[in-house]
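Below is one structure, written out as structure tokens, with a few remarks after it.
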Amino acid sequence: MEEEIYIVKEGDNLYDIADKYNTTVGILKILNNLESNILKIGQELKIPYKKVEQSPPSDYIIYTIKPGDSLYNIAKRYELSLEELVNFNEQGTTLLKIGEQLLIPVKTSNNDITYIVKPGDTLYNIAKRYNISVEKLKEVNNLDNNMLKIGESLIIPETSNYRPYVVKDNDTLKEIADYYKIELAELKKINNLLTDDIMVGQILLIPNEK
């Protein structure tokens with residue numbers, strides 16, 4: 001996530017700063033390693049200014065608000081309570097703005113996969129890759145049409161032929177491919193990777209039969 005620096009001024013608070021930059025208090029606190037909401041005049045804050053287009057860390061995903069979204073519908077989609085979603089993002093209001101980003105805590109109780117839309121992706125190609133129907137993909141993600149946005153997150157239901165692997169420190173793509181007895185080229189194709197570069201916390205898809 002790329003960022004810029006904001007200098008705290010008199011009267012500033014995290015809620016107003018988050019609102020100004022279409023982000024959330026939760027994201028600001030994670031990005032700046034803040035344990036409380038207290039700010040000091042002159043303090044430097046890192047502000048995300050580009051939408052996330054890579055796989056997020058494994059304990060949460062970043063969701064960009066679309067027209068028609070509500071906190072209730074988003075919470076229901078990701079099997080959260082409204083209170084969980086509000087508290088996780090430290091939302092001071094239930095009102096949402098299009099383009100605003102929310103943190104979605106990842107549930108570890110099932111084998112659903114979170115997929116981040118990349119350039120060139122279509123619902124048809126994603127559904128084909130995971131051996132599910134476009135209709136099922138739209139149903140699970142509450143989509144009214146086939147339009148996708150780069151950086152958007154999609155839920156791939158556990159009925160697909162893949163399971164997630166979270167990249168750990170010192171992992172390499174070649175070592176992961178060797179461990180699961182997959183050709184490196186096949187692993188890159190499954191995960192839509194153009195290079196061998198991977199990041200700690202990145203989610204890779206592994207065929208279930210491996």
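Every chain in the structure tokens takes a letter, A first, then B, and so on in the order presented; its residues are numbered from 1, and the ligands are numbered from 1 following the presented order.
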Check region 27-194 of chain A with DSSP on the backbone and list each residue it calls strand (DSSP E), as a short mmCIF file (atom, residue, chain, number, x, y, z; two decimals) with N, CA and C atoms, in the first residue's frame.
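Result file selection_34.cif:
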```
data_model
loop_
_atom_site.label_atom_id
_atom_site.label_comp_id
_atom_site.auth_asym_id
_atom_site.auth_seq_id
_atom_site.Cartn_x
_atom_site.Cartn_y
_atom_site.Cartn_z
N GLU A 44 3.53 12.95 12.63
CA GLU A 44 3.44 12.51 11.24
C GLU A 44 2.60 11.23 11.15
N LEU A 45 1.64 11.22 10.23
CA LEU A 45 0.82 10.05 10.00
C LEU A 45 0.98 9.59 8.56
N LYS A 46 1.13 8.28 8.38
CA LYS A 46 1.13 7.71 7.04
C LYS A 46 -0.31 7.57 6.57
N ILE A 47 -0.58 8.07 5.36
CA ILE A 47 -1.93 8.03 4.80
C ILE A 47 -1.91 7.22 3.51
N PRO A 48 -2.73 6.16 3.42
CA PRO A 48 -2.79 5.42 2.14
C PRO A 48 -3.46 6.28 1.09
N TYR A 60 -6.82 -9.93 7.62
CA TYR A 60 -7.89 -9.06 7.15
C TYR A 60 -7.73 -8.81 5.66
N ILE A 61 -8.86 -8.38 5.06
CA ILE A 61 -8.81 -7.93 3.67
C ILE A 61 -9.32 -6.50 3.63
N ILE A 62 -9.05 -5.82 2.55
CA ILE A 62 -9.49 -4.43 2.41
C ILE A 62 -10.58 -4.37 1.35
N TYR A 63 -11.73 -3.85 1.75
CA TYR A 63 -12.91 -3.81 0.89
C TYR A 63 -13.22 -2.37 0.52
N THR A 64 -13.44 -2.11 -0.78
CA THR A 64 -13.76 -0.77 -1.26
C THR A 64 -15.27 -0.64 -1.46
N GLN A 101 -12.65 2.74 2.10
CA GLN A 101 -12.15 1.38 2.32
C GLN A 101 -12.42 0.92 3.74
N LEU A 102 -12.82 -0.34 3.86
CA LEU A 102 -13.07 -0.96 5.15
C LEU A 102 -12.15 -2.16 5.34
N LEU A 103 -11.78 -2.43 6.58
CA LEU A 103 -11.04 -3.65 6.90
C LEU A 103 -12.05 -4.74 7.22
N ILE A 104 -11.88 -5.90 6.60
CA ILE A 104 -12.75 -7.04 6.84
C ILE A 104 -11.94 -8.14 7.52
N PRO A 105 -12.20 -8.44 8.80
CA PRO A 105 -11.45 -9.53 9.45
C PRO A 105 -11.75 -10.85 8.77
N ILE A 113 -11.92 -18.76 -0.04
CA ILE A 113 -10.73 -18.05 -0.49
C ILE A 113 -11.10 -16.61 -0.82
N THR A 114 -10.25 -15.68 -0.44
CA THR A 114 -10.45 -14.29 -0.83
C THR A 114 -9.54 -13.98 -2.01
N TYR A 115 -10.14 -13.53 -3.11
CA TYR A 115 -9.38 -13.25 -4.33
C TYR A 115 -9.44 -11.76 -4.61
N ILE A 116 -8.29 -11.15 -4.91
CA ILE A 116 -8.20 -9.73 -5.23
C ILE A 116 -8.16 -9.56 -6.75
N SER A 153 -12.29 -7.20 -3.81
CA SER A 153 -12.13 -8.54 -3.25
C SER A 153 -13.34 -9.40 -3.55
N LEU A 154 -13.10 -10.65 -3.92
CA LEU A 154 -14.16 -11.62 -4.19
C LEU A 154 -13.97 -12.82 -3.29
N ILE A 155 -15.08 -13.39 -2.85
CA ILE A 155 -15.04 -14.62 -2.08
C ILE A 155 -15.18 -15.79 -3.04
N ILE A 156 -14.23 -16.72 -2.99
CA ILE A 156 -14.31 -17.96 -3.77
C ILE A 156 -14.76 -19.04 -2.80
N TYR A 162 -9.66 -25.41 -5.02
CA TYR A 162 -8.43 -24.86 -4.47
C TYR A 162 -8.58 -24.54 -2.99
N ARG A 163 -7.43 -24.50 -2.32
CA ARG A 163 -7.40 -24.07 -0.93
C ARG A 163 -6.31 -23.02 -0.77
N PRO A 164 -6.43 -22.14 0.22
CA PRO A 164 -5.47 -21.05 0.35
C PRO A 164 -4.19 -21.45 1.08
N TYR A 165 -3.09 -20.84 0.68
CA TYR A 165 -1.82 -20.97 1.39
C TYR A 165 -1.30 -19.56 1.67
N VAL A 166 -1.00 -19.28 2.92
CA VAL A 166 -0.51 -17.95 3.30
C VAL A 166 1.01 -17.95 3.29
#
```
Self-check item: For Ile98 (chain A): contacts at 8 Å, only C-alpha atoms, fewer than 3 positions along chain excluded, given as a list in words
Solution: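 My list of contacting residues is Thr64, Ile65, Lys66 and Pro67 of chain A.
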What would the file look like if the residues just selected were written as a compact mmCIF listing (two decimals), in the first residue's frame with C-alpha atoms?
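The result, written out as out_29.txt:
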```
# COMPACT_ATOMS: atom_id res chain seq x y z
CA THR A 64 -13.76 -0.77 -1.26
CA ILE A 65 -17.30 0.57 -0.88
CA LYS A 66 -19.46 0.30 -4.01
CA PRO A 67 -22.82 1.94 -4.84
```
Quiz prompt | Asp196 (chain A) surroundings by only C-alpha atoms, 10 Å radius, close-in-sequence under 2 positions cut, as a list in words | solution =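 Counting only the stated atoms, we get Thr172, Leu173, Lys174, Leu184, Ala185, Leu187, Lys188, Leu193, Leu194 and Ile198 of chain A.
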Practice problem: For Asp121 (chain A), list every protein, DNA or RNA residue within 9 Å, evaluated using only C-alpha atoms, and leave out those in the same chain fewer than 4 positions away; present the list as a list in words. | Solution: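 What passes the distance filter is Val117, Asn125, Ile126, Leu148, Lys149 and Ile150 of chain A.
You can rank A:Lys97, A:Asn33, A:Leu137, A:Gly151 by their closest distance to Pro119 (chain A) using only C-alpha atoms, and at the top of that list sits A:Gly151.
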Practice problem: Write out as number ranges by chain each polymer residue whose atoms come within 12 Å of Asn142 (chain A), counting only C-alpha atoms; drop sequence neighbours fewer than 4 positions from it. | Solution: A: 66, 68-69, 73-78, 134-138, 146, 153-155
Exercise. Provide the CA of Asn192 (chain A) to CA of Leu31 (chain A) distance in Å, to one decimal place.
Key: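 Distance reported for this atom pair: 27.1 Å.
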Exercise. DSSP on the backbone, then: every residue of region 32-158 of chain A marked alpha helix (DSSP H), written as a PyMOL selection string.
Key: chain A and resi 71-77+82-89+123-129+134-140
Quiz item: Which of these residues is nearest to Asp12 (chain A), using only C-alpha atoms: A:Val200, A:Ile27, A:Ile38, A:Leu80?
Solution: A:Ile38
Quiz item: Quick one: distance from CA of Leu95 (chain A) to CA of Lys29 (chain A) in Å, one decimal?
Solution: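 Those two atoms sit 20.2 Å apart.
The spacing separating CA of Gly11 (chain A) from CA of Asn37 (chain A) amounts to 13.1 Å.
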Practice problem: Could you check which of A:Asp171, A:Glu10, A:Asp19, A:Glu183 is closest to Gly42 (chain A), using only C-alpha atoms? | Solution: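 Of the candidates, the smallest distance to Gly42 (chain A) is held by A:Glu10.
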Quiz prompt | Pick from A:Tyr6, A:Tyr180, A:Thr23, A:Ala18, whichever lies nearest to Gln43 (chain A) using only C-alpha atoms | solution = A:Tyr6
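In this comparison, which uses only C-alpha atoms, the residue of A:Glu79, A:Glu175, A:Asp197, A:Glu35 approaching Asn141 (chain A) most closely is A:Glu79.
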